[in-house]
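Trainee: Next comes model_23.txt, compact mmCIF, C-alpha atoms and all ligand atoms:
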```txt
# COMPACT_ATOMS: atom_id res chain seq x y z
CA MET A 21 25.78 22.49 -13.32
CA GLY A 22 23.66 25.33 -14.73
CA LEU A 23 19.91 25.52 -14.14
CA GLN A 24 19.22 24.62 -17.76
CA ASP A 25 21.51 21.58 -17.63
CA ALA A 26 19.85 20.35 -14.43
CA ARG A 27 16.48 20.72 -16.08
CA THR A 28 17.54 18.81 -19.19
CA GLU A 29 19.00 16.07 -17.02
CA LEU A 30 15.76 15.79 -15.04
CA GLU A 31 13.74 15.61 -18.25
CA THR A 32 16.00 12.87 -19.64
CA PHE A 33 15.64 10.95 -16.36
CA ILE A 34 11.83 11.20 -16.56
CA THR A 35 11.65 10.17 -20.22
CA GLY A 36 13.72 7.06 -19.56
CA LEU A 37 11.92 6.16 -16.33
CA PRO A 38 10.04 2.88 -16.92
CA LYS A 39 6.38 3.56 -16.14
CA ALA A 40 2.78 2.46 -16.63
CA GLU A 41 -0.07 4.74 -17.63
CA LEU A 42 -3.30 3.87 -15.81
CA HIS A 43 -5.59 6.81 -16.63
CA LEU A 44 -5.91 7.63 -20.30
CA HIS A 45 -9.11 8.16 -22.27
CA ILE A 46 -8.30 7.09 -25.80
CA GLU A 47 -10.79 9.65 -27.19
CA GLY A 48 -8.88 12.28 -25.20
CA SER A 49 -5.72 11.55 -27.18
CA LEU A 50 -7.30 12.86 -30.40
CA GLU A 51 -4.88 15.59 -31.50
CA PRO A 52 -6.35 18.44 -33.58
CA GLU A 53 -4.19 17.40 -36.57
CA LEU A 54 -5.73 13.92 -36.57
CA MET A 55 -9.19 15.43 -35.97
CA PHE A 56 -8.81 17.39 -39.23
CA ALA A 57 -7.40 14.39 -41.10
CA LEU A 58 -10.29 12.16 -40.01
CA ALA A 59 -12.88 14.86 -40.77
CA ARG A 60 -11.44 15.09 -44.28
CA ARG A 61 -11.30 11.31 -44.72
CA ASN A 62 -14.93 10.98 -43.60
CA GLY A 63 -16.22 14.01 -45.54
CA LEU A 64 -17.20 15.94 -42.39
CA GLU A 65 -17.18 19.68 -41.68
CA LEU A 66 -15.56 20.86 -38.46
CA PRO A 67 -16.72 24.06 -36.74
CA PHE A 68 -13.06 25.19 -36.81
CA LYS A 69 -10.90 26.43 -39.68
CA THR A 70 -7.44 25.61 -38.38
CA VAL A 71 -5.62 23.48 -35.82
CA GLU A 72 -4.79 26.72 -33.96
CA ASP A 73 -8.51 27.57 -33.76
CA VAL A 74 -9.16 24.17 -32.20
CA ARG A 75 -6.39 24.60 -29.62
CA ALA A 76 -7.64 28.11 -28.80
CA ALA A 77 -11.02 26.60 -27.89
CA TYR A 78 -9.38 24.40 -25.22
CA ASN A 79 -9.81 26.91 -22.47
CA PHE A 80 -11.87 25.24 -19.77
CA SER A 81 -13.24 26.46 -16.44
CA ASN A 82 -14.53 23.10 -15.25
CA LEU A 83 -15.10 19.45 -16.20
CA GLN A 84 -18.36 20.06 -18.09
CA ASP A 85 -16.76 22.76 -20.28
CA PHE A 86 -14.19 20.20 -21.34
CA LEU A 87 -16.64 17.33 -21.80
CA ASN A 88 -18.77 19.35 -24.23
CA ILE A 89 -15.77 19.85 -26.53
CA TYR A 90 -14.44 16.34 -25.99
CA TYR A 91 -17.71 14.70 -27.04
CA ALA A 92 -17.94 17.02 -30.08
CA GLY A 93 -14.37 16.15 -31.13
CA ALA A 94 -15.07 12.41 -30.91
CA GLN A 95 -17.66 12.70 -33.70
CA VAL A 96 -14.96 12.49 -36.37
CA LEU A 97 -14.29 8.89 -35.30
CA ARG A 98 -16.38 6.73 -37.63
CA THR A 99 -14.57 3.65 -38.93
CA GLU A 100 -12.52 0.84 -37.43
CA GLU A 101 -9.48 2.37 -39.15
CA ASP A 102 -10.18 5.71 -37.40
CA PHE A 103 -10.16 4.05 -33.97
CA ARG A 104 -7.07 2.07 -34.87
CA ASP A 105 -5.17 5.16 -36.11
CA LEU A 106 -6.15 7.04 -32.94
CA THR A 107 -4.89 4.21 -30.75
CA VAL A 108 -1.62 3.70 -32.64
CA ALA A 109 -0.91 7.45 -32.44
CA TYR A 110 -1.37 7.36 -28.66
CA PHE A 111 0.96 4.39 -28.22
CA ASP A 112 3.65 5.99 -30.39
CA ARG A 113 3.63 8.93 -27.94
CA ALA A 114 3.53 6.65 -24.92
CA ALA A 115 6.51 4.62 -26.17
CA ALA A 116 8.53 7.82 -26.59
CA ASP A 117 7.68 8.65 -22.95
CA GLY A 118 9.05 5.39 -21.50
CA VAL A 119 5.65 3.74 -21.01
CA LEU A 120 5.99 -0.07 -20.78
CA HIS A 121 2.33 -0.76 -20.06
CA ALA A 122 -0.92 1.21 -20.48
CA GLU A 123 -4.48 0.59 -19.31
CA ILE A 124 -6.70 2.73 -21.48
CA PHE A 125 -10.33 3.82 -21.17
CA PHE A 126 -12.87 4.03 -23.94
CA ASP A 127 -16.39 5.48 -23.88
CA PRO A 128 -18.51 3.21 -26.11
CA GLN A 129 -21.73 5.16 -25.51
CA THR A 130 -20.21 8.27 -27.12
CA HIS A 131 -20.07 6.25 -30.32
CA THR A 132 -22.93 3.74 -30.18
CA ASP A 133 -25.39 6.57 -29.38
CA ARG A 134 -24.55 8.12 -32.77
CA GLY A 135 -24.92 4.84 -34.65
CA ILE A 136 -21.35 3.52 -34.67
CA PRO A 137 -21.46 -0.22 -33.92
CA PHE A 138 -19.72 -1.37 -30.73
CA ALA A 139 -17.71 -3.84 -32.87
CA VAL A 140 -16.20 -1.00 -34.95
CA VAL A 141 -15.03 0.81 -31.81
CA ALA A 142 -13.74 -2.24 -29.95
CA GLU A 143 -12.02 -3.92 -32.90
CA GLY A 144 -10.38 -0.65 -33.95
CA ILE A 145 -8.95 0.03 -30.49
CA LEU A 146 -7.93 -3.60 -29.85
CA GLY A 147 -6.27 -3.69 -33.29
CA GLY A 148 -4.31 -0.56 -32.40
CA MET A 149 -3.25 -2.09 -29.08
CA ALA A 150 -1.97 -5.21 -30.85
CA GLU A 151 -0.07 -3.10 -33.34
CA ALA A 152 1.51 -1.09 -30.52
CA GLN A 153 2.69 -4.28 -28.85
CA ALA A 154 4.26 -5.45 -32.13
CA ARG A 155 5.85 -2.03 -32.81
CA HIS A 156 7.05 -1.04 -29.37
CA GLY A 157 6.60 -4.06 -27.10
CA ILE A 158 4.12 -2.06 -25.00
CA THR A 159 1.59 -4.24 -23.17
CA SER A 160 -1.89 -2.86 -22.64
CA LYS A 161 -5.36 -3.48 -21.30
CA LEU A 162 -8.72 -1.99 -22.17
CA ILE A 163 -11.26 -0.56 -19.70
CA LEU A 164 -14.86 0.11 -20.74
CA CYS A 165 -16.24 3.28 -19.15
CA PHE A 166 -19.91 3.95 -18.55
CA LEU A 167 -21.03 7.56 -18.95
CA ARG A 168 -22.42 8.57 -15.57
CA HIS A 169 -24.62 11.38 -16.92
CA LEU A 170 -26.69 8.63 -18.59
CA ASP A 171 -28.79 6.15 -16.60
CA GLU A 172 -27.92 2.68 -15.35
CA ASP A 173 -30.17 0.98 -17.92
CA ALA A 174 -28.05 2.53 -20.67
CA ALA A 175 -24.93 1.25 -18.91
CA PHE A 176 -26.46 -2.24 -18.77
CA ALA A 177 -27.32 -2.10 -22.49
CA THR A 178 -23.68 -1.19 -23.21
CA PHE A 179 -22.42 -3.97 -20.96
CA ARG A 180 -24.59 -6.47 -22.87
CA MET A 181 -23.23 -5.15 -26.20
CA ALA A 182 -19.70 -5.74 -24.89
CA GLU A 183 -20.35 -9.39 -24.04
CA PRO A 184 -18.54 -10.93 -27.05
CA TRP A 185 -15.43 -8.90 -26.15
CA LEU A 186 -15.37 -9.45 -22.39
CA ASP A 187 -12.34 -11.76 -22.63
CA ARG A 188 -10.43 -8.82 -24.12
CA ILE A 189 -11.73 -6.15 -21.71
CA ALA A 190 -9.95 -5.97 -18.36
CA GLY A 191 -12.42 -3.86 -16.46
CA VAL A 192 -15.20 -1.32 -16.28
CA GLY A 193 -14.91 2.33 -15.28
CA LEU A 194 -17.13 5.33 -14.66
CA ASP A 195 -16.52 8.74 -16.19
CA SER A 196 -18.15 11.95 -17.50
CA SER A 197 -19.99 14.59 -15.40
CA GLU A 198 -19.33 13.75 -11.76
CA ARG A 199 -21.40 16.26 -9.79
CA GLY A 200 -24.97 15.09 -9.32
CA HIS A 201 -24.10 11.58 -10.53
CA PRO A 202 -22.90 9.64 -7.47
CA PRO A 203 -21.29 6.23 -7.95
CA GLY A 204 -24.22 4.46 -6.26
CA LYS A 205 -26.30 5.10 -9.38
CA PHE A 206 -24.29 2.29 -11.03
CA ALA A 207 -24.18 -0.25 -8.18
CA ARG A 208 -26.02 -3.03 -10.05
CA VAL A 209 -24.05 -2.84 -13.30
CA PHE A 210 -20.77 -2.74 -11.36
CA ALA A 211 -21.92 -5.82 -9.41
CA ALA A 212 -22.64 -7.58 -12.73
CA ALA A 213 -19.20 -6.62 -14.04
CA GLY A 214 -17.59 -7.99 -10.87
CA GLU A 215 -19.52 -11.26 -11.27
CA ALA A 216 -18.22 -11.46 -14.85
CA GLY A 217 -14.68 -11.35 -13.46
CA LEU A 218 -13.88 -7.78 -14.53
CA LYS A 219 -11.89 -5.25 -12.54
CA ARG A 220 -13.75 -2.15 -11.37
CA VAL A 221 -12.50 1.43 -11.35
CA ALA A 222 -14.31 4.76 -11.09
CA HIS A 223 -13.61 8.46 -11.40
CA ALA A 224 -14.39 9.92 -7.98
CA GLY A 225 -13.34 12.99 -6.05
CA GLU A 226 -12.24 14.91 -9.14
CA GLU A 227 -14.94 17.59 -8.80
CA GLY A 228 -17.18 15.52 -6.54
CA PRO A 229 -16.85 15.29 -2.74
CA ALA A 230 -15.05 12.75 -0.56
CA ALA A 231 -18.47 11.14 -0.02
CA TYR A 232 -18.39 9.98 -3.66
CA VAL A 233 -15.06 8.26 -3.02
CA TRP A 234 -16.58 6.45 -0.02
CA GLU A 235 -19.46 5.39 -2.24
CA ALA A 236 -17.14 4.14 -4.97
CA LEU A 237 -15.34 2.01 -2.35
CA ASN A 238 -18.34 0.69 -0.46
CA THR A 239 -20.96 0.45 -3.20
CA LEU A 240 -19.00 -0.16 -6.41
CA HIS A 241 -16.17 -2.15 -4.73
CA ILE A 242 -13.55 -0.50 -6.89
CA ASP A 243 -10.07 -1.97 -7.41
CA ARG A 244 -8.59 1.43 -8.28
CA LEU A 245 -9.59 5.07 -7.79
CA ASP A 246 -9.40 7.52 -10.71
CA HIS A 247 -8.37 11.03 -9.59
CA GLY A 248 -9.38 10.97 -5.89
CA ASN A 249 -8.20 14.53 -5.17
CA HIS A 250 -11.06 15.28 -2.78
CA ALA A 251 -10.23 12.24 -0.68
CA LEU A 252 -7.70 14.59 0.96
CA ASP A 253 -10.62 16.47 2.55
CA ASP A 254 -11.41 13.47 4.78
CA GLU A 255 -8.69 12.07 7.08
CA THR A 256 -10.63 8.88 7.85
CA LEU A 257 -10.97 8.24 4.12
CA VAL A 258 -7.24 8.82 3.60
CA GLU A 259 -6.55 6.27 6.36
CA ARG A 260 -8.79 3.74 4.64
CA LEU A 261 -7.08 4.31 1.25
CA VAL A 262 -3.64 3.99 2.83
CA ALA A 263 -4.58 0.86 4.83
CA THR A 264 -5.91 -0.90 1.71
CA GLN A 265 -3.11 0.47 -0.53
CA MET A 266 -5.68 1.68 -3.03
CA THR A 267 -4.07 3.07 -6.17
CA LEU A 268 -5.01 6.65 -7.12
CA THR A 269 -4.62 7.57 -10.79
CA VAL A 270 -3.79 11.25 -10.47
CA CYS A 271 -3.69 13.52 -13.54
CA PRO A 272 -1.78 16.75 -12.76
CA LEU A 273 -2.14 18.73 -16.02
CA SER A 274 -5.81 17.74 -16.22
CA ASN A 275 -6.30 18.99 -12.65
CA VAL A 276 -4.84 22.37 -13.59
CA ARG A 277 -6.73 22.72 -16.89
CA LEU A 278 -10.06 21.74 -15.29
CA CYS A 279 -9.43 23.99 -12.28
CA VAL A 280 -9.41 21.11 -9.77
CA VAL A 281 -6.17 22.71 -8.49
CA PRO A 282 -5.35 26.41 -8.95
CA GLU A 283 -1.85 25.88 -10.42
CA ILE A 284 0.74 23.14 -10.78
CA GLY A 285 2.77 24.62 -7.92
CA ALA A 286 -0.20 23.86 -5.63
CA HIS A 287 -0.67 20.26 -6.78
CA PRO A 288 -1.00 17.81 -3.85
CA ILE A 289 0.92 14.91 -5.46
CA ASP A 290 3.73 15.02 -2.87
CA THR A 291 1.22 15.46 -0.04
CA MET A 292 -0.44 12.26 -1.24
CA LEU A 293 2.89 10.41 -1.21
CA ALA A 294 3.77 11.80 2.22
CA LYS A 295 0.47 10.46 3.59
CA GLY A 296 1.32 7.01 2.26
CA LEU A 297 -1.25 7.04 -0.54
CA ARG A 298 -0.36 4.94 -3.58
CA ALA A 299 -0.51 7.85 -6.04
CA THR A 300 0.44 7.59 -9.71
CA VAL A 301 0.90 10.19 -12.48
CA ASN A 302 -1.18 9.96 -15.65
CA SER A 303 -2.30 12.06 -18.59
CA ASP A 304 -6.16 11.71 -18.69
CA ASP A 305 -6.89 13.50 -22.01
CA PRO A 306 -3.46 14.60 -23.25
CA ALA A 307 -4.58 16.17 -26.54
CA TYR A 308 -6.86 18.51 -24.58
CA PHE A 309 -4.75 19.21 -21.49
CA GLY A 310 -1.38 20.05 -22.99
CA GLY A 311 0.76 16.98 -22.45
CA TYR A 312 1.27 13.24 -22.35
CA ILE A 313 2.51 11.29 -19.32
CA GLY A 314 6.09 12.55 -19.62
CA GLU A 315 4.88 16.16 -19.55
CA ASN A 316 2.76 15.37 -16.50
CA PHE A 317 5.77 13.95 -14.67
CA LYS A 318 7.90 16.95 -15.68
CA ALA A 319 5.22 19.41 -14.61
CA VAL A 320 4.95 18.01 -11.07
CA ALA A 321 8.70 17.37 -10.82
CA LEU A 322 9.40 21.04 -11.51
CA GLY A 323 6.25 22.50 -9.94
CA ARG A 324 6.66 20.57 -6.69
CA GLN A 325 10.43 20.04 -6.80
CA LEU A 326 10.11 16.27 -6.54
CA SER A 327 13.20 14.22 -5.81
CA ARG A 328 14.30 11.35 -8.02
CA GLU A 329 13.25 9.04 -5.22
CA GLN A 330 9.72 10.46 -5.34
CA LEU A 331 9.64 10.09 -9.13
CA VAL A 332 10.72 6.45 -8.83
CA THR A 333 8.03 5.89 -6.18
CA LEU A 334 5.39 7.28 -8.55
CA ALA A 335 6.60 4.93 -11.31
CA ARG A 336 6.75 1.97 -8.89
CA ASN A 337 3.18 2.74 -7.79
CA SER A 338 2.05 2.59 -11.43
CA PHE A 339 3.27 -1.01 -11.75
CA LEU A 340 1.91 -1.95 -8.31
CA GLY A 341 -1.50 -0.54 -9.28
CA ALA A 342 -1.65 -2.06 -12.78
CA PHE A 343 -3.86 -5.09 -13.49
CA LEU A 344 -0.82 -7.20 -14.45
CA ASP A 345 -0.12 -10.84 -13.73
CA ASP A 346 2.59 -11.29 -11.14
CA PRO A 347 5.51 -12.37 -13.36
CA THR A 348 4.99 -9.38 -15.68
CA ARG A 349 4.66 -7.01 -12.73
CA GLN A 350 7.89 -8.34 -11.22
CA ASP A 351 9.67 -8.01 -14.56
CA TYR A 352 8.62 -4.35 -14.90
CA LEU A 353 9.57 -3.62 -11.27
CA ARG A 354 13.02 -5.13 -11.85
CA ARG A 355 13.48 -2.92 -14.91
CA LEU A 356 12.49 0.09 -12.85
CA ASP A 357 14.89 -0.83 -10.03
CA ALA A 358 17.75 -1.32 -12.49
CA TYR A 359 17.05 2.11 -14.00
CA ALA A 360 16.79 3.80 -10.59
CA GLN A 361 20.11 2.31 -9.51
CA LYS A 362 22.05 3.45 -12.56
CA GLY A 363 20.19 6.78 -12.84
N1 LIG B 401 -13.35 13.17 -15.81
C1 LIG B 401 -14.53 12.67 -16.13
N2 LIG B 401 -14.82 12.20 -17.33
C2 LIG B 401 -13.87 12.22 -18.26
C3 LIG B 401 -12.62 12.73 -17.99
C4 LIG B 401 -12.34 13.21 -16.68
O1 LIG B 401 -11.23 13.66 -16.32
N3 LIG B 401 -11.91 12.62 -19.15
C5 LIG B 401 -12.71 12.05 -20.06
N4 LIG B 401 -13.90 11.81 -19.54
ZN ZN B 402 -10.34 10.69 -16.67
```
Can you turn what I pasted into structure tokens?
Ligand code: HPA
Ligand code: ZN
Mentor:
Amino acid sequence: MGLQDARTELETFITGLPKAELHLHIEGSLEPELMFALARRNGLELPFKTVEDVRAAYNFSNLQDFLNIYYAGAQVLRTEEDFRDLTVAYFDRAAADGVLHAEIFFDPQTHTDRGIPFAVVAEGILGGMAEAQARHGITSKLILCFLRHLDEDAAFATFRMAEPWLDRIAGVGLDSSERGHPPGKFARVFAAAGEAGLKRVAHAGEEGPAAYVWEALNTLHIDRLDHGNHALDDETLVERLVATQMTLTVCPLSNVRLCVVPEIGAHPIDTMLAKGLRATVNSDDPAYFGGYIGENFKAVALGRQLSREQLVTLARNSFLGAFLDDPTRQDYLRRLDAYAQKG
């Protein structure tokens, strides 16, 4: 078989691989084309003339560089229909990438702080999730993220706003600027979320140190760790994550674009697997980082020469780490096993 044929075969295997996406910011799936369409629909001016101009601006040196553009882009989202269209567009892409289940983040404060009611945001996204299930059979859950560059009182205010929707929100998360905003800042609101029966996740160890991962474990009592790259700097921490089978939602193309790793060929995804960490592959903000979940799998598969067995392990980890009920989890795992056996 030629090199090109082998590559096509690998890509086909990855596309068909049943998988779950566990780290996706819905606002980060806003493609420039939709950004222009929504700006037009809402009578807004964008500081860019063309889609190419927008893409050319996506040249980041760190997390904050990206966040500035990401928050600016989100301003075109105004109506329930906007949030619904955004969500449906993401799930169309996910379905084409073999995603059976997705747990997606949203950042309510990005919208409520500019006067968009929480109800508009939540109903739009939940409506899009329901439509995706009807269209593609994809199951999904919603995770409310607090912006860590704001204070805990603001997080509490957001949590109170979310109260009427808590039966349709699976968990809370923590995102935005990591450095200088340790997880402990949100200990009380995470405790309240836990008491309300919600799952807890947090971004930690993306740009921040291993100490922030410890804090997310011991102070926020997280059920899943988003990113976690810097956990590798601390062997005792790795042992703890392995012993508890904590799921890490790793985002390879994001890591390259935000300079968390120097290049895809240096990505530690296989090191994580070799250490026994329950690592998964996810897309983070695919419209900004150059690819959806399938592209992330392909990038690490080629960049790190992963075996099919390793790819299946990554997909299995995604179902093991999802907040699914047991029968659904078993059903998805059986579908994965059947695919791995015939593939
Ligand atoms: N890190 C922190 N905050 C974020 C990210 C991320 O990767 N994406 C969207 N908000
Ligand atoms: Zn993220």
Trainee: Looking at A:Ala174, A:Leu23, A:Ala224, A:Ile289, which one is nearest to Ser197 (chain A), with distances taken over only C-alpha atoms?
Mentor: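 The answer is A:Ala224, which sits nearest to Ser197 (chain A).
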Trainee: Near Thr107 (chain A), within 10 Å and counting only C-alpha atoms, which residues show up once chain neighbours fewer than 5 positions away are dropped, as a count of residues only?
Mentor: 17
Trainee: Hey, can you check how far CA of Leu120 (chain A) sits from CA of Ile284 (chain A)?
Mentor: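 Spanning CA of Leu120 (chain A) to CA of Ile284 (chain A) is a straight-line distance of 25.8 Å.
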Trainee: Which neighbours of region 80-94 of chain A fall inside 12 Å, counting all atoms listed in the file, when residues of the same chain fewer than 6 positions from it are skipped, and could you give them as a ChimeraX atom specification?
Mentor: /A:45-56,58-59,64-68,74,102-103,106,126-134,136,141,167,169,195-199,226-228,274-282,304-309
Trainee: CA of Thr99 (chain A) to CA of Ala114 (chain A): how many Å, to one decimal?
Mentor: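 So the two atoms, CA of Thr99 (chain A) and CA of Ala114 (chain A), lie 23.1 Å apart.
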Trainee: Ranking A:Pro137, A:Pro202, A:Gly118, A:Gly193 by minimum distance to Ala222 (chain A) and counting only C-alpha atoms, which one comes first?
Mentor: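 Using only C-alpha atoms, Ala222 (chain A) sits closest to A:Gly193.
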Trainee: As an exercise, work out the distance from CA of Glu215 (chain A) to CA of Ala236 (chain A) in Å and give it to one decimal place.
Mentor: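 The value is 16.8 Å.
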Trainee: Report as a PyMOL selection string all protein, DNA and RNA residues lying within 6 Å of Leu268 (chain A), evaluated on all atoms listed in the file, omitting residues in the same chain fewer than 4 positions from it.
Mentor: chain A and resi 245-246+299
